[in-house]
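These notes are about the structure you will find just below.
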Number of protein chains: 2
Amino acid sequence: MNGKIFIIEDETSIIKLVQHNLEKEGFIVSSSENGNEGLKQLKKFEPNLLLLDWMLPDLSGIEICKHIRKDNKFKTLPIIMLTAKGEEEDKIKGLESGVDDYLTKPFSYKELLARIKAVLRRSNPEIVSNNLQFEDLLLDRIEKRVFRNNLEVKLGPTEFRLLEFFLMNPKRVYSRDQILENVWPNNINVESRTIDVHIRRLRQSINIDNKKELIRTVRASGYSLI
Amino acid sequence: MNGKIFIIEDETSIIKLVQHNLEKEGFIVSSSENGNEGLKQLKKFEPNLLLLDWMLPDLSGIEICKHIRKDNKFKTLPIIMLTAKGEEEDKIKGLESGVDDYLTKPFSYKELLARIKAVLRRSNPEIVSNNLQFEDLLLDRIEKRVFRNNLEVKLGPTEFRLLEFFLMNPKRVYSRDQILENVWPNNINVESRTIDVHIRRLRQSINIDNKKELIRTVRASGYSLI
DNA sequence: TTAATTTGTAATAAATCTGTAACATTTGAA
DNA sequence: TTCAAATGTTACAGATTTATTACAAATTAA
């Protein structure tokens, strides 16, 4: 993980906390506490992602956003907006100015990191680690391949996403609802029992020559990766 | 890749990191942590490219630059300048003293390598390979030719660019959008299905006497070079 | 200019995936 | 042990995605 992240945020404490943690994670981080100055620095720094405070002393986050989107070189720079609770989230959501995601303060660092990775995964997949592993199971997000015990396993798109989801938190039990929410595209409604069928298909695919079962059924609760 | 690269840079940690990585890449690397000494060594070493810190304890990078440009033997030595953030990049950009490129610290190694190759490709094309290869497939960027198993394969311009793109990151799956963005000229809009047709044409062309299929379809995701 | 090649698209065929219902089996509480 | 609820399994009919083909328009070469 060696992407570059720029932070424009006027609360020094937040900058310090986030910068320190992101650097520990391996990111190269630079920051500014003010909009105009930040914009200049940003252009020199050429980050892979921008954390942008919604409310700044001089320029608003929105202004900065627009400014960036006009600049040909940074037209596609991923931006995560940081907002204080209640700061018109609706407006932010609907932004055409092109915010890629947003977080409401106070936010947990863990959540921020997750969002950062998710956004980076879309824009610069090579920066974020792309392999998920569990025991003898390996899923390569870049190549979209799955291996069990070094043998490739063929999965359909839904089974792939399902396994990907389980691999993100092995051992954790997910209810059918949680699985639906996370694995199926938004706003799609499928019968809850449908999941059972996909679980079966996934099980069947990854159980190369009667190796040990990797998906555990937790009666009345859901499923988990062992 | 067996060109010679000289580094003049006073931060030992940077030297170590860069030198180690470049050597892994196949370059022959030598370095100095000081300007005057470095100049002498450089002349003996006769590198194909110089990585030069802008700010040095004794001589400034600019001084070194000028010095080198006066020397008939090194008049054309490609130089990539390394600058700390905020070190008057404008001046550097406009330099007639002839810096070929510059990078702002902190920089990612990946970016450095890309710049080095780009600069070398201009000055010493023979050092940087202009061939892309994958298994028995070979694409010559200079001559614009493609070979499969040593037999030349004729491709139309679009198929050529398509294959070139795939060869830059074999095994990686690209969505149709990504392919469009990278293979088609900017601001051109073609139907996403059009890509399927070009994939077909490319497949047909490179599948000389039923050799193994090289382009993989990943349903719901895109295509990849195997 | 004409001829040859290349391109994009639409139409259709083929392949693959999905969701569901129906029936089978397992589980655990009473 | 019994029985209802939960999960497993299967088959299948759409639905979706990709492959293939043909063709007209655009581009390039002769």
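Ligands are numbered from 1 in the order shown, chains are lettered A, B, ... in the order of the structure tokens, and residues start at 1 in each chain.
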Least-squares fit on all C-alpha atoms, paired in order: put chain A onto chain B and return it as a PDB file with C-alpha atoms, in the first residue's frame.
```
ATOM      1  CA  MET A   1      19.596  -4.958 -18.170  1.00  0.00           C
ATOM      2  CA  ASN A   2      23.072  -3.542 -17.873  1.00  0.00           C
ATOM      3  CA  GLY A   3      22.652   0.173 -18.255  1.00  0.00           C
ATOM      4  CA  LYS A   4      24.451   2.648 -16.044  1.00  0.00           C
ATOM      5  CA  ILE A   5      22.500   4.820 -13.639  1.00  0.00           C
ATOM      6  CA  PHE A   6      23.884   7.712 -11.656  1.00  0.00           C
ATOM      7  CA  ILE A   7      22.196   9.044  -8.535  1.00  0.00           C
ATOM      8  CA  ILE A   8      22.628  12.484  -7.041  1.00  0.00           C
ATOM      9  CA  GLU A   9      20.698  12.550  -3.777  1.00  0.00           C
ATOM     10  CA  ASP A  10      21.624  13.687  -0.284  1.00  0.00           C
ATOM     11  CA  GLU A  11      19.561  11.213   1.681  1.00  0.00           C
ATOM     12  CA  THR A  12      21.879   8.302   2.230  1.00  0.00           C
ATOM     13  CA  SER A  13      19.043   5.947   3.040  1.00  0.00           C
ATOM     14  CA  ILE A  14      17.428   6.550  -0.313  1.00  0.00           C
ATOM     15  CA  ILE A  15      20.684   6.052  -2.157  1.00  0.00           C
ATOM     16  CA  LYS A  16      21.336   2.784  -0.382  1.00  0.00           C
ATOM     17  CA  LEU A  17      17.885   1.436  -0.989  1.00  0.00           C
ATOM     18  CA  VAL A  18      17.686   2.442  -4.615  1.00  0.00           C
ATOM     19  CA  GLN A  19      21.251   1.530  -5.465  1.00  0.00           C
ATOM     20  CA  HIS A  20      20.940  -1.897  -3.926  1.00  0.00           C
ATOM     21  CA  ASN A  21      17.728  -2.678  -5.696  1.00  0.00           C
ATOM     22  CA  LEU A  22      18.822  -1.359  -9.051  1.00  0.00           C
ATOM     23  CA  GLU A  23      22.016  -3.361  -8.852  1.00  0.00           C
ATOM     24  CA  LYS A  24      19.992  -6.461  -8.119  1.00  0.00           C
ATOM     25  CA  GLU A  25      18.134  -5.606 -11.292  1.00  0.00           C
ATOM     26  CA  GLY A  26      21.419  -5.660 -13.169  1.00  0.00           C
ATOM     27  CA  PHE A  27      22.106  -1.971 -13.517  1.00  0.00           C
ATOM     28  CA  ILE A  28      25.516  -0.530 -12.853  1.00  0.00           C
ATOM     29  CA  VAL A  29      24.926   2.181 -10.297  1.00  0.00           C
ATOM     30  CA  SER A  30      27.081   4.975  -8.975  1.00  0.00           C
ATOM     31  CA  SER A  31      26.072   7.885  -6.777  1.00  0.00           C
ATOM     32  CA  SER A  32      27.006  11.096  -5.100  1.00  0.00           C
ATOM     33  CA  GLU A  33      25.438  12.942  -2.178  1.00  0.00           C
ATOM     34  CA  ASN A  34      26.366  16.364  -3.371  1.00  0.00           C
ATOM     35  CA  GLY A  35      25.822  18.422  -6.453  1.00  0.00           C
ATOM     36  CA  ASN A  36      29.194  19.742  -7.507  1.00  0.00           C
ATOM     37  CA  GLU A  37      31.020  16.574  -6.710  1.00  0.00           C
ATOM     38  CA  GLY A  38      28.247  14.587  -8.356  1.00  0.00           C
ATOM     39  CA  LEU A  39      28.529  16.502 -11.603  1.00  0.00           C
ATOM     40  CA  LYS A  40      32.205  15.668 -11.871  1.00  0.00           C
ATOM     41  CA  GLN A  41      31.698  12.026 -11.106  1.00  0.00           C
ATOM     42  CA  LEU A  42      28.785  11.833 -13.483  1.00  0.00           C
ATOM     43  CA  LYS A  43      30.900  12.975 -16.378  1.00  0.00           C
ATOM     44  CA  LYS A  44      33.411  10.256 -15.730  1.00  0.00           C
ATOM     45  CA  PHE A  45      30.778   7.628 -15.140  1.00  0.00           C
ATOM     46  CA  GLU A  46      28.867   8.383 -18.333  1.00  0.00           C
ATOM     47  CA  PRO A  47      25.538   6.987 -17.209  1.00  0.00           C
ATOM     48  CA  ASN A  48      22.563   6.148 -19.360  1.00  0.00           C
ATOM     49  CA  LEU A  49      20.235   7.811 -16.895  1.00  0.00           C
ATOM     50  CA  LEU A  50      20.392  10.201 -13.976  1.00  0.00           C
ATOM     51  CA  LEU A  51      18.261  10.156 -10.836  1.00  0.00           C
ATOM     52  CA  LEU A  52      18.462  13.658  -9.503  1.00  0.00           C
ATOM     53  CA  ASP A  53      17.244  15.076  -6.232  1.00  0.00           C
ATOM     54  CA  TRP A  54      15.476  18.398  -6.631  1.00  0.00           C
ATOM     55  CA  MET A  55      16.835  19.799  -3.381  1.00  0.00           C
ATOM     56  CA  LEU A  56      20.500  19.397  -2.669  1.00  0.00           C
ATOM     57  CA  PRO A  57      22.782  20.950  -0.088  1.00  0.00           C
ATOM     58  CA  ASP A  58      24.878  22.917  -2.564  1.00  0.00           C
ATOM     59  CA  LEU A  59      23.572  23.068  -6.139  1.00  0.00           C
ATOM     60  CA  SER A  60      19.876  22.715  -6.799  1.00  0.00           C
ATOM     61  CA  GLY A  61      18.687  19.978  -9.072  1.00  0.00           C
ATOM     62  CA  ILE A  62      17.667  22.592 -11.575  1.00  0.00           C
ATOM     63  CA  GLU A  63      21.158  24.033 -11.699  1.00  0.00           C
ATOM     64  CA  ILE A  64      22.560  20.605 -12.326  1.00  0.00           C
ATOM     65  CA  CYS A  65      20.029  20.000 -15.012  1.00  0.00           C
ATOM     66  CA  LYS A  66      20.907  23.158 -16.846  1.00  0.00           C
ATOM     67  CA  HIS A  67      24.562  22.416 -16.507  1.00  0.00           C
ATOM     68  CA  ILE A  68      24.116  18.983 -17.975  1.00  0.00           C
ATOM     69  CA  ARG A  69      21.994  20.189 -20.844  1.00  0.00           C
ATOM     70  CA  LYS A  70      24.711  22.614 -21.834  1.00  0.00           C
ATOM     71  CA  ASP A  71      27.284  19.859 -22.049  1.00  0.00           C
ATOM     72  CA  ASN A  72      27.229  18.540 -25.554  1.00  0.00           C
ATOM     73  CA  LYS A  73      28.021  15.036 -24.479  1.00  0.00           C
ATOM     74  CA  PHE A  74      25.173  14.856 -21.986  1.00  0.00           C
ATOM     75  CA  LYS A  75      22.672  17.013 -23.766  1.00  0.00           C
ATOM     76  CA  THR A  76      20.377  14.062 -24.187  1.00  0.00           C
ATOM     77  CA  LEU A  77      21.053  12.241 -20.923  1.00  0.00           C
ATOM     78  CA  PRO A  78      17.660  11.187 -19.551  1.00  0.00           C
ATOM     79  CA  ILE A  79      16.959  12.663 -16.155  1.00  0.00           C
ATOM     80  CA  ILE A  80      14.400  11.623 -13.589  1.00  0.00           C
ATOM     81  CA  MET A  81      13.907  14.210 -10.890  1.00  0.00           C
ATOM     82  CA  LEU A  82      13.099  13.229  -7.312  1.00  0.00           C
ATOM     83  CA  THR A  83      11.111  15.786  -5.360  1.00  0.00           C
ATOM     84  CA  ALA A  84       9.670  15.934  -1.880  1.00  0.00           C
ATOM     85  CA  LYS A  85       5.917  16.244  -1.802  1.00  0.00           C
ATOM     86  CA  GLY A  86       4.778  19.766  -2.369  1.00  0.00           C
ATOM     87  CA  GLU A  87       8.024  20.959  -3.890  1.00  0.00           C
ATOM     88  CA  GLU A  88       6.463  22.987  -6.632  1.00  0.00           C
ATOM     89  CA  GLU A  89       5.680  20.169  -8.942  1.00  0.00           C
ATOM     90  CA  ASP A  90       4.233  22.551 -11.428  1.00  0.00           C
ATOM     91  CA  LYS A  91       7.579  24.127 -11.999  1.00  0.00           C
ATOM     92  CA  ILE A  92       9.114  20.770 -12.562  1.00  0.00           C
ATOM     93  CA  LYS A  93       6.479  19.653 -14.958  1.00  0.00           C
ATOM     94  CA  GLY A  94       6.933  22.698 -17.100  1.00  0.00           C
ATOM     95  CA  LEU A  95      10.687  22.536 -17.071  1.00  0.00           C
ATOM     96  CA  GLU A  96      12.288  23.370 -20.298  1.00  0.00           C
ATOM     97  CA  SER A  97      15.605  22.426 -18.799  1.00  0.00           C
ATOM     98  CA  GLY A  98      14.446  19.031 -19.878  1.00  0.00           C
ATOM     99  CA  VAL A  99      13.580  16.642 -17.132  1.00  0.00           C
ATOM    100  CA  ASP A 100      12.265  13.475 -18.677  1.00  0.00           C
ATOM    101  CA  ASP A 101      10.134  12.451 -15.750  1.00  0.00           C
ATOM    102  CA  TYR A 102       9.811  13.104 -12.060  1.00  0.00           C
ATOM    103  CA  LEU A 103       8.748  11.265  -8.937  1.00  0.00           C
ATOM    104  CA  THR A 104       7.449  12.584  -5.659  1.00  0.00           C
ATOM    105  CA  LYS A 105       8.879  11.256  -2.411  1.00  0.00           C
ATOM    106  CA  PRO A 106       8.005   9.059  -0.815  1.00  0.00           C
ATOM    107  CA  PHE A 107       7.843   6.853  -3.871  1.00  0.00           C
ATOM    108  CA  SER A 108       7.621   3.113  -4.143  1.00  0.00           C
ATOM    109  CA  TYR A 109      10.618   1.367  -5.575  1.00  0.00           C
ATOM    110  CA  LYS A 110       8.342  -0.412  -7.978  1.00  0.00           C
ATOM    111  CA  GLU A 111       7.143   2.839  -9.413  1.00  0.00           C
ATOM    112  CA  LEU A 112      10.665   4.188  -9.704  1.00  0.00           C
ATOM    113  CA  LEU A 113      11.734   1.102 -11.577  1.00  0.00           C
ATOM    114  CA  ALA A 114       8.805   1.415 -13.932  1.00  0.00           C
ATOM    115  CA  ARG A 115       9.655   5.029 -14.711  1.00  0.00           C
ATOM    116  CA  ILE A 116      13.301   4.223 -15.189  1.00  0.00           C
ATOM    117  CA  LYS A 117      12.462   1.513 -17.655  1.00  0.00           C
ATOM    118  CA  ALA A 118      10.001   3.705 -19.489  1.00  0.00           C
ATOM    119  CA  VAL A 119      12.523   6.502 -19.862  1.00  0.00           C
ATOM    120  CA  LEU A 120      15.316   4.137 -20.834  1.00  0.00           C
ATOM    121  CA  ARG A 121      13.085   2.439 -23.326  1.00  0.00           C
ATOM    122  CA  ARG A 122      12.838   5.699 -25.174  1.00  0.00           C
ATOM    123  CA  SER A 123      16.491   6.646 -25.014  1.00  0.00           C
ATOM    124  CA  ASN A 124      18.317   3.302 -24.995  1.00  0.00           C
ATOM    125  CA  PRO A 125      15.875   0.599 -25.979  1.00  0.00           C
ATOM    126  CA  GLU A 126      18.625  -1.991 -26.141  1.00  0.00           C
ATOM    127  CA  ILE A 127      19.162  -1.747 -22.391  1.00  0.00           C
ATOM    128  CA  VAL A 128      15.641  -2.595 -21.359  1.00  0.00           C
ATOM    129  CA  SER A 129      14.164  -5.940 -22.179  1.00  0.00           C
ATOM    130  CA  ASN A 130      11.969  -5.614 -25.154  1.00  0.00           C
ATOM    131  CA  ASN A 131       9.958  -8.737 -25.407  1.00  0.00           C
ATOM    132  CA  LEU A 132       6.645  -9.329 -23.804  1.00  0.00           C
ATOM    133  CA  GLN A 133       5.412 -12.855 -23.667  1.00  0.00           C
ATOM    134  CA  PHE A 134       2.349 -14.738 -22.573  1.00  0.00           C
ATOM    135  CA  GLU A 135       1.732 -18.343 -23.381  1.00  0.00           C
ATOM    136  CA  ASP A 136       2.295 -18.673 -27.125  1.00  0.00           C
ATOM    137  CA  LEU A 137       2.038 -14.946 -27.695  1.00  0.00           C
ATOM    138  CA  LEU A 138       5.154 -12.842 -28.179  1.00  0.00           C
ATOM    139  CA  LEU A 139       5.476  -9.132 -28.755  1.00  0.00           C
ATOM    140  CA  ASP A 140       8.790  -7.608 -29.773  1.00  0.00           C
ATOM    141  CA  ARG A 141       8.896  -3.924 -28.994  1.00  0.00           C
ATOM    142  CA  ILE A 142      12.061  -3.233 -30.954  1.00  0.00           C
ATOM    143  CA  GLU A 143      11.006  -4.935 -34.106  1.00  0.00           C
ATOM    144  CA  LYS A 144       7.373  -4.079 -33.542  1.00  0.00           C
ATOM    145  CA  ARG A 145       6.265  -7.545 -34.357  1.00  0.00           C
ATOM    146  CA  VAL A 146       3.814  -9.940 -32.791  1.00  0.00           C
ATOM    147  CA  PHE A 147       3.895 -13.699 -33.008  1.00  0.00           C
ATOM    148  CA  ARG A 148       1.355 -16.294 -32.036  1.00  0.00           C
ATOM    149  CA  ASN A 149       2.754 -19.754 -31.872  1.00  0.00           C
ATOM    150  CA  ASN A 150       5.786 -18.516 -33.825  1.00  0.00           C
ATOM    151  CA  LEU A 151       3.694 -17.246 -36.689  1.00  0.00           C
ATOM    152  CA  GLU A 152       3.767 -13.542 -37.299  1.00  0.00           C
ATOM    153  CA  VAL A 153       0.538 -11.710 -36.758  1.00  0.00           C
ATOM    154  CA  LYS A 154      -0.097  -8.354 -38.384  1.00  0.00           C
ATOM    155  CA  LEU A 155      -1.589  -5.674 -36.174  1.00  0.00           C
ATOM    156  CA  GLY A 156      -2.471  -2.050 -36.753  1.00  0.00           C
ATOM    157  CA  PRO A 157      -0.899   0.526 -34.460  1.00  0.00           C
ATOM    158  CA  THR A 158      -3.794   0.679 -32.025  1.00  0.00           C
ATOM    159  CA  GLU A 159      -4.157  -3.071 -31.764  1.00  0.00           C
ATOM    160  CA  PHE A 160      -0.422  -3.287 -31.193  1.00  0.00           C
ATOM    161  CA  ARG A 161      -0.527  -0.842 -28.306  1.00  0.00           C
ATOM    162  CA  LEU A 162      -3.590  -2.550 -26.924  1.00  0.00           C
ATOM    163  CA  LEU A 163      -1.920  -5.924 -26.882  1.00  0.00           C
ATOM    164  CA  GLU A 164       1.256  -4.402 -25.486  1.00  0.00           C
ATOM    165  CA  PHE A 165      -0.780  -2.961 -22.657  1.00  0.00           C
ATOM    166  CA  PHE A 166      -2.466  -6.250 -21.852  1.00  0.00           C
ATOM    167  CA  LEU A 167       0.834  -8.068 -21.963  1.00  0.00           C
ATOM    168  CA  MET A 168       2.311  -5.795 -19.348  1.00  0.00           C
ATOM    169  CA  ASN A 169      -0.135  -7.234 -16.829  1.00  0.00           C
ATOM    170  CA  PRO A 170      -1.603 -10.492 -18.026  1.00  0.00           C
ATOM    171  CA  LYS A 171      -4.687 -11.753 -16.266  1.00  0.00           C
ATOM    172  CA  ARG A 172      -5.433  -8.374 -14.856  1.00  0.00           C
ATOM    173  CA  VAL A 173      -8.809  -6.960 -15.783  1.00  0.00           C
ATOM    174  CA  TYR A 174      -8.887  -3.422 -17.111  1.00  0.00           C
ATOM    175  CA  SER A 175     -11.930  -1.244 -17.380  1.00  0.00           C
ATOM    176  CA  ARG A 176     -12.607   0.546 -20.622  1.00  0.00           C
ATOM    177  CA  ASP A 177     -11.578   3.770 -18.962  1.00  0.00           C
ATOM    178  CA  GLN A 178      -8.248   2.340 -17.911  1.00  0.00           C
ATOM    179  CA  ILE A 179      -7.675   1.003 -21.357  1.00  0.00           C
ATOM    180  CA  LEU A 180      -8.484   4.357 -22.887  1.00  0.00           C
ATOM    181  CA  GLU A 181      -6.138   6.129 -20.559  1.00  0.00           C
ATOM    182  CA  ASN A 182      -3.246   3.814 -21.188  1.00  0.00           C
ATOM    183  CA  VAL A 183      -3.561   2.891 -24.809  1.00  0.00           C
ATOM    184  CA  TRP A 184      -4.849   6.030 -26.461  1.00  0.00           C
ATOM    185  CA  PRO A 185      -2.786   9.180 -26.792  1.00  0.00           C
ATOM    186  CA  ASN A 186      -3.502  11.726 -24.097  1.00  0.00           C
ATOM    187  CA  ASN A 187      -6.331  14.170 -24.470  1.00  0.00           C
ATOM    188  CA  ILE A 188      -8.018  12.158 -27.103  1.00  0.00           C
ATOM    189  CA  ASN A 189     -11.627  11.309 -26.538  1.00  0.00           C
ATOM    190  CA  VAL A 190     -13.191   8.302 -28.099  1.00  0.00           C
ATOM    191  CA  GLU A 191     -16.443   6.596 -27.442  1.00  0.00           C
ATOM    192  CA  SER A 192     -16.029   3.884 -24.851  1.00  0.00           C
ATOM    193  CA  ARG A 193     -17.654   1.368 -27.155  1.00  0.00           C
ATOM    194  CA  THR A 194     -14.900   1.966 -29.644  1.00  0.00           C
ATOM    195  CA  ILE A 195     -12.747  -0.200 -27.439  1.00  0.00           C
ATOM    196  CA  ASP A 196     -15.031  -3.136 -28.054  1.00  0.00           C
ATOM    197  CA  VAL A 197     -14.372  -2.812 -31.727  1.00  0.00           C
ATOM    198  CA  HIS A 198     -10.627  -2.754 -31.255  1.00  0.00           C
ATOM    199  CA  ILE A 199     -10.846  -5.713 -28.917  1.00  0.00           C
ATOM    200  CA  ARG A 200     -12.680  -7.531 -31.660  1.00  0.00           C
ATOM    201  CA  ARG A 201     -10.037  -6.610 -34.194  1.00  0.00           C
ATOM    202  CA  LEU A 202      -7.275  -7.714 -31.867  1.00  0.00           C
ATOM    203  CA  ARG A 203      -9.045 -10.980 -31.124  1.00  0.00           C
ATOM    204  CA  GLN A 204      -9.532 -11.637 -34.766  1.00  0.00           C
ATOM    205  CA  SER A 205      -5.876 -11.004 -35.569  1.00  0.00           C
ATOM    206  CA  ILE A 206      -4.347 -13.133 -32.842  1.00  0.00           C
ATOM    207  CA  ASN A 207      -6.701 -16.037 -33.225  1.00  0.00           C
ATOM    208  CA  ILE A 208      -4.717 -17.847 -35.834  1.00  0.00           C
ATOM    209  CA  ASP A 209      -6.380 -21.098 -36.911  1.00  0.00           C
ATOM    210  CA  ASN A 210      -8.916 -21.344 -34.102  1.00  0.00           C
ATOM    211  CA  LYS A 211      -6.403 -21.426 -31.318  1.00  0.00           C
ATOM    212  CA  LYS A 212      -7.696 -20.712 -27.863  1.00  0.00           C
ATOM    213  CA  GLU A 213      -9.223 -17.306 -27.162  1.00  0.00           C
ATOM    214  CA  LEU A 214      -6.726 -15.107 -25.319  1.00  0.00           C
ATOM    215  CA  ILE A 215      -8.818 -12.126 -24.403  1.00  0.00           C
ATOM    216  CA  ARG A 216     -11.397 -12.551 -21.719  1.00  0.00           C
ATOM    217  CA  THR A 217     -14.483 -10.420 -21.399  1.00  0.00           C
ATOM    218  CA  VAL A 218     -15.408  -9.642 -17.828  1.00  0.00           C
ATOM    219  CA  ARG A 219     -18.947  -8.461 -17.947  1.00  0.00           C
ATOM    220  CA  ALA A 220     -19.466  -5.083 -16.339  1.00  0.00           C
ATOM    221  CA  SER A 221     -15.738  -4.767 -15.661  1.00  0.00           C
ATOM    222  CA  GLY A 222     -13.714  -4.828 -18.813  1.00  0.00           C
ATOM    223  CA  TYR A 223     -11.246  -7.098 -20.518  1.00  0.00           C
ATOM    224  CA  SER A 224      -8.124  -8.999 -19.671  1.00  0.00           C
ATOM    225  CA  LEU A 225      -5.517 -11.169 -21.296  1.00  0.00           C
ATOM    226  CA  ILE A 226      -7.034 -14.488 -20.207  1.00  0.00           C
TER     227      ILE A 226
END
```
Please, which residues in chain C fall within 8 Å of chain A when counting only C-alpha atoms (C1' of nucleotides), and what is the closest atom pair and distance in Å to one decimal for each, ordered by chain then residue number, as JSON lines?
```
{"residue": "C:DC17", "atom": "C1'", "partner": "A:Gly156", "partner_atom": "CA", "distance": 7.1}
{"residue": "C:DG19", "atom": "C1'", "partner": "A:Thr194", "partner_atom": "CA", "distance": 6.5}
{"residue": "C:DT20", "atom": "C1'", "partner": "A:Thr194", "partner_atom": "CA", "distance": 7.6}
```
Write out, as a PDB file, in the first residue's frame, the residues just selected, with N, CA and C atoms (P, O5', C5', C4', C3', O3' and C1' of nucleotides).
```
ATOM      1  P    DC C  17     -21.321 -19.228 -15.772  1.00  0.00           P
ATOM      2  O5'  DC C  17     -22.631 -18.439 -15.295  1.00  0.00           O
ATOM      3  C5'  DC C  17     -22.787 -17.092 -15.714  1.00  0.00           C
ATOM      4  C4'  DC C  17     -24.097 -16.559 -15.213  1.00  0.00           C
ATOM      5  C3'  DC C  17     -24.354 -16.790 -13.721  1.00  0.00           C
ATOM      6  O3'  DC C  17     -24.810 -15.568 -13.203  1.00  0.00           O
ATOM      7  C1'  DC C  17     -26.191 -17.537 -14.995  1.00  0.00           C
ATOM      8  P    DG C  19     -30.251 -13.944  -8.539  1.00  0.00           P
ATOM      9  O5'  DG C  19     -31.722 -14.544  -8.524  1.00  0.00           O
ATOM     10  C5'  DG C  19     -32.719 -13.913  -9.311  1.00  0.00           C
ATOM     11  C4'  DG C  19     -33.955 -14.765  -9.296  1.00  0.00           C
ATOM     12  C3'  DG C  19     -34.483 -15.073  -7.891  1.00  0.00           C
ATOM     13  O3'  DG C  19     -35.864 -14.739  -7.890  1.00  0.00           O
ATOM     14  C1'  DG C  19     -34.150 -17.099  -9.120  1.00  0.00           C
ATOM     15  P    DT C  20     -36.723 -14.906  -6.552  1.00  0.00           P
ATOM     16  O5'  DT C  20     -37.445 -16.299  -6.792  1.00  0.00           O
ATOM     17  C5'  DT C  20     -38.053 -16.502  -8.060  1.00  0.00           C
ATOM     18  C4'  DT C  20     -38.656 -17.887  -8.132  1.00  0.00           C
ATOM     19  C3'  DT C  20     -39.271 -18.391  -6.826  1.00  0.00           C
ATOM     20  O3'  DT C  20     -40.587 -18.810  -7.129  1.00  0.00           O
ATOM     21  C1'  DT C  20     -37.801 -20.005  -7.737  1.00  0.00           C
TER      22       DT C  20
END
```
Item to check | Every residue of segment 21-214 of chain B that DSSP places in strand (DSSP E), as number ranges by chain | outcome: B: 28-32, 49-53, 79-84, 101-105, 131-134, 137-140, 145-148, 151-153
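Atom C1' of DT5 of chain C is positioned 16.2 Å from atom C1' of DA22 of chain D.
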Could you give me, as CSV, every chain C residue with an atom at most 10 Å from segment 3-19 of chain D, plus its closest atom pair and distance in Å to one decimal, counting only C-alpha atoms (C1' of nucleotides), rows ordered by chain then number?
```
residue,atom,partner,partner_atom,distance
C:DA13,C1',D:DA19,C1',8.0
C:DA14,C1',D:DA19,C1',7.0
C:DA15,C1',D:DT18,C1',7.4
C:DT16,C1',D:DT17,C1',7.5
C:DC17,C1',D:DT16,C1',7.3
C:DT18,C1',D:DA15,C1',7.4
C:DG19,C1',D:DG14,C1',9.1
C:DT20,C1',D:DC12,C1',9.5
C:DA21,C1',D:DC12,C1',9.8
C:DA22,C1',D:DT10,C1',9.0
C:DC23,C1',D:DT10,C1',8.6
C:DA24,C1',D:DT9,C1',7.2
C:DT25,C1',D:DG8,C1',6.7
C:DT26,C1',D:DT7,C1',7.3
C:DT27,C1',D:DA6,C1',7.6
C:DG28,C1',D:DA5,C1',9.4
C:DA29,C1',D:DA4,C1',9.6
C:DA30,C1',D:DC3,C1',9.3
```
Item to check | Which of segment 128-212 of chain A fall in alpha helix (DSSP H), as a VMD selection string | outcome: chain A and resid 157 to 168 176 to 183 193 to 206
Checklist outcome for this item: What separates atom C1' of DA26 of chain D and atom C1' of DT12 of chain C is a distance of 24.9 Å
Checklist entry - What's the 12 Å shell around DA11 of chain C, counting only C-alpha atoms (C1' of nucleotides), without same-chain residues fewer than 3 positions away, as a PyMOL selection string? => result chain D and resi 20-23
